Amino acid sequence: MMAWPELRQLEIGGGKVTESVAGAVLQLPAGATRYADAQLDDYGGHRRRDFPWQPGTRLYLRARFNLPPADFVGTAGFGFWNAPFGDPTTPWPALPRAAWFFYGSPPNDFPLRPVGPGRGWFAGTIDATTPRALSLAPAAPAVLLLNRWPTFRARFWPRIQRRLGISFQPLALDWGAWHEYELTWEREQTTFRVDGQPVLAGAPSPGGPLGFVCWVDNQFLQV
């Protein structure tokens with residue numbers, strides 16, 4: 001079994017990480033007018049090819065949020081990814097790969113399913129680095145534009161979703177209560193459990209290597 005790498009505390013724009021023997025607390029400043037992030041990860045200072053985790057990894061984490069969803073604007077979550085949008089120590093962007101529990105508040109809208117907004121608290125995966133996914137690259141600008149039309153999205157998005165290895169399962173739970181989150185990342189498929197119960201099984205697995213991340217920030221994205 002691989003030993004857990006040392007975790008880095010990343011605090012941006014007034015975000016704060018407090019660690020103790022009982023766990024960690026990630027906080028954002030109230031009323032922030034600039035980007036703020038409070039984050040724990042294990043890939044700081046490493047190139048993506050040297051990120052520590054590969055398929056065959058299981059993550060168990062007990063967590064809760066102390067702010068009602070209606071009062072939170074931004075994103076939060078935990079799991080594994082390749083830091084595709086850059087990092088203070090990994091500045092170059094990349095196509096995304098991830099397996100994680102993720103929350104995006106309004107007005108976030110990620111193109112994750114054929115109908116309805118791509119936001120809320122969910123379990124999901126993506127791998128846009130496979131040959132099947134890369135074959136979509138020439139059409140990406142047109143797809144993003146056409147995806148705004150519900151008819152196009154409902155008809156064509158399921159095929160695009162399969163090529164990108166996207167899985168998406170909304171989680172209906174009280175996120176202010178303590179829950180046990182489990183992610184089992186195997187070579188062919190990934191399984192997500194909450195409180196011991198499967199919430200997403202057979203999800204396509206992203207390739208490795210990936211890094212662990214647990215964060216809360218005030219960012220939003222509309223696609």
# chains A, B, ... in the order shown; residues from 1 in each chain; ligands from 1

call {"tool": "select_by_dssp", "arguments": {"residues": "stretch 17-79 of chain A", "states": "strand (DSSP E)", "output": "count of residues only"}}
result
26

call {"tool": "residues_around", "arguments": {"residues": "A:Pro209", "least_positions_apart": "6", "cutoff": "8 Å", "atoms": "only C-alpha atoms", "output": "list in words"}}
result
Arg48, Arg49, Asp50, Phe51, Pro52, Trp53, Gln54 and Asn82 of chain A

call {"tool": "atom_distance", "arguments": {"atom1": "atom CA of A:Pro93", "atom2": "atom CA of A:Gln39"}}
result
18.6 Å

call {"tool": "select_by_dssp", "arguments": {"residues": "stretch 133-207 of chain A", "states": "helix (DSSP H, G or I)", "output": "PyMOL selection string"}}
result
chain A and resi 133-134+137-146+150-163

call {"tool": "residues_around", "arguments": {"residues": "A:Asn66", "least_positions_apart": "5", "cutoff": "9 Å", "atoms": "only C-alpha atoms", "output": "compact mmCIF listing (two decimals) with C-alpha atoms, in the first residue's frame"}}
result
# COMPACT_ATOMS: atom_id res chain seq x y z
CA TRP A 175 -24.54 18.34 3.07
CA GLY A 176 -24.53 20.03 6.48
CA ALA A 177 -24.51 16.60 8.15

call {"tool": "residues_around", "arguments": {"residues": "stretch 196-199 of chain A", "least_positions_apart": "4", "cutoff": "12 Å", "atoms": "only C-alpha atoms", "output": "list in words"}}
result
Tyr60, Leu61, Arg62, Phe101, Phe122, Ala123, Gly124, Ser167, Phe168, Gln169, Pro170, Leu171, Ala172, Leu173, His179, Glu180, Tyr181, Glu182, Leu183, Thr184, Thr190, Thr191, Phe192 and Ala203 of chain A

call {"tool": "write_last_selection", "arguments": {"atoms": "N, CA and C atoms", "output": "PDB file, in the first residue's frame"}}
result
ATOM      1  N   TYR A  60     -11.195   7.310   1.075  1.00  0.00           N
ATOM      2  CA  TYR A  60     -12.268   7.379   2.071  1.00  0.00           C
ATOM      3  C   TYR A  60     -12.121   8.703   2.798  1.00  0.00           C
ATOM      4  N   LEU A  61     -13.232   9.433   2.913  1.00  0.00           N
ATOM      5  CA  LEU A  61     -13.177  10.744   3.531  1.00  0.00           C
ATOM      6  C   LEU A  61     -14.507  11.031   4.220  1.00  0.00           C
ATOM      7  N   ARG A  62     -14.439  11.562   5.425  1.00  0.00           N
ATOM      8  CA  ARG A  62     -15.638  11.956   6.173  1.00  0.00           C
ATOM      9  C   ARG A  62     -15.693  13.479   6.189  1.00  0.00           C
ATOM     10  N   PHE A 101     -15.945  13.877  -5.978  1.00  0.00           N
ATOM     11  CA  PHE A 101     -17.195  14.445  -5.492  1.00  0.00           C
ATOM     12  C   PHE A 101     -17.061  15.956  -5.658  1.00  0.00           C
ATOM     13  N   PHE A 122     -22.511  16.431  -6.718  1.00  0.00           N
ATOM     14  CA  PHE A 122     -22.576  15.213  -7.517  1.00  0.00           C
ATOM     15  C   PHE A 122     -21.276  14.426  -7.447  1.00  0.00           C
ATOM     16  N   ALA A 123     -21.365  13.164  -7.850  1.00  0.00           N
ATOM     17  CA  ALA A 123     -20.194  12.317  -8.071  1.00  0.00           C
ATOM     18  C   ALA A 123     -19.985  12.225  -9.569  1.00  0.00           C
ATOM     19  N   GLY A 124     -18.731  12.238 -10.013  1.00  0.00           N
ATOM     20  CA  GLY A 124     -18.529  12.213 -11.450  1.00  0.00           C
ATOM     21  C   GLY A 124     -17.102  11.926 -11.862  1.00  0.00           C
ATOM     22  N   SER A 167     -19.162  10.868 -16.492  1.00  0.00           N
ATOM     23  CA  SER A 167     -20.270  10.308 -15.716  1.00  0.00           C
ATOM     24  C   SER A 167     -20.700  11.375 -14.721  1.00  0.00           C
ATOM     25  N   PHE A 168     -21.981  11.347 -14.355  1.00  0.00           N
ATOM     26  CA  PHE A 168     -22.532  12.441 -13.554  1.00  0.00           C
ATOM     27  C   PHE A 168     -23.720  11.910 -12.771  1.00  0.00           C
ATOM     28  N   GLN A 169     -23.630  11.918 -11.456  1.00  0.00           N
ATOM     29  CA  GLN A 169     -24.734  11.458 -10.625  1.00  0.00           C
ATOM     30  C   GLN A 169     -25.001  12.478  -9.521  1.00  0.00           C
ATOM     31  N   PRO A 170     -26.121  13.232  -9.613  1.00  0.00           N
ATOM     32  CA  PRO A 170     -26.452  14.173  -8.545  1.00  0.00           C
ATOM     33  C   PRO A 170     -26.646  13.458  -7.214  1.00  0.00           C
ATOM     34  N   LEU A 171     -26.287  14.127  -6.130  1.00  0.00           N
ATOM     35  CA  LEU A 171     -26.408  13.574  -4.785  1.00  0.00           C
ATOM     36  C   LEU A 171     -27.445  14.376  -4.013  1.00  0.00           C
ATOM     37  N   ALA A 172     -28.508  13.710  -3.607  1.00  0.00           N
ATOM     38  CA  ALA A 172     -29.559  14.350  -2.821  1.00  0.00           C
ATOM     39  C   ALA A 172     -29.328  14.001  -1.354  1.00  0.00           C
ATOM     40  N   LEU A 173     -28.639  14.868  -0.647  1.00  0.00           N
ATOM     41  CA  LEU A 173     -28.355  14.613   0.767  1.00  0.00           C
ATOM     42  C   LEU A 173     -28.165  15.933   1.501  1.00  0.00           C
ATOM     43  N   HIS A 179     -21.079  12.932   6.507  1.00  0.00           N
ATOM     44  CA  HIS A 179     -21.266  11.780   5.625  1.00  0.00           C
ATOM     45  C   HIS A 179     -19.909  11.141   5.341  1.00  0.00           C
ATOM     46  N   GLU A 180     -19.954   9.840   5.080  1.00  0.00           N
ATOM     47  CA  GLU A 180     -18.748   9.093   4.725  1.00  0.00           C
ATOM     48  C   GLU A 180     -18.720   8.905   3.208  1.00  0.00           C
ATOM     49  N   TYR A 181     -17.720   9.468   2.574  1.00  0.00           N
ATOM     50  CA  TYR A 181     -17.588   9.425   1.117  1.00  0.00           C
ATOM     51  C   TYR A 181     -16.471   8.457   0.733  1.00  0.00           C
ATOM     52  N   GLU A 182     -16.753   7.623  -0.245  1.00  0.00           N
ATOM     53  CA  GLU A 182     -15.771   6.631  -0.683  1.00  0.00           C
ATOM     54  C   GLU A 182     -15.706   6.612  -2.210  1.00  0.00           C
ATOM     55  N   LEU A 183     -14.498   6.573  -2.721  1.00  0.00           N
ATOM     56  CA  LEU A 183     -14.254   6.550  -4.163  1.00  0.00           C
ATOM     57  C   LEU A 183     -13.267   5.421  -4.440  1.00  0.00           C
ATOM     58  N   THR A 184     -13.684   4.447  -5.238  1.00  0.00           N
ATOM     59  CA  THR A 184     -12.808   3.337  -5.610  1.00  0.00           C
ATOM     60  C   THR A 184     -12.494   3.459  -7.093  1.00  0.00           C
ATOM     61  N   THR A 190     -14.977   3.196 -12.058  1.00  0.00           N
ATOM     62  CA  THR A 190     -14.878   3.849 -10.756  1.00  0.00           C
ATOM     63  C   THR A 190     -16.231   3.773 -10.064  1.00  0.00           C
ATOM     64  N   THR A 191     -16.204   3.498  -8.765  1.00  0.00           N
ATOM     65  CA  THR A 191     -17.423   3.384  -7.968  1.00  0.00           C
ATOM     66  C   THR A 191     -17.397   4.417  -6.850  1.00  0.00           C
ATOM     67  N   PHE A 192     -18.524   5.089  -6.659  1.00  0.00           N
ATOM     68  CA  PHE A 192     -18.670   6.091  -5.612  1.00  0.00           C
ATOM     69  C   PHE A 192     -19.706   5.603  -4.600  1.00  0.00           C
ATOM     70  N   ALA A 203     -18.776   3.797 -13.449  1.00  0.00           N
ATOM     71  CA  ALA A 203     -18.387   5.021 -14.149  1.00  0.00           C
ATOM     72  C   ALA A 203     -17.066   4.799 -14.879  1.00  0.00           C
TER      73      ALA A 203
END

call {"tool": "closest_residue", "arguments": {"among": "A:Ala38, A:Gly44, A:Glu186, A:Leu26", "to": "A:Arg8", "atoms": "only C-alpha atoms"}}
result
A:Gly44

call {"tool": "closest_residue", "arguments": {"among": "A:Ser105, A:Thr57, A:Gln189, A:Thr151", "to": "A:Pro69", "atoms": "only C-alpha atoms"}}
result
A:Ser105

call {"tool": "closest_residue", "arguments": {"among": "A:Pro106, A:Thr90, A:Pro84, A:Asn218", "to": "A:Trp121", "atoms": "only C-alpha atoms"}}
result
A:Pro106

call {"tool": "residues_around", "arguments": {"residues": "A:Arg97", "least_positions_apart": "5", "cutoff": "8 Å", "atoms": "only C-alpha atoms", "output": "NGL selection string"}}
result
:A and (81-82 or 84 or 125-129 or 206-207 or 210)

call {"tool": "atom_distance", "arguments": {"atom1": "atom CA of A:Leu10", "atom2": "atom CA of A:Trp100"}}
result
18.8 Å
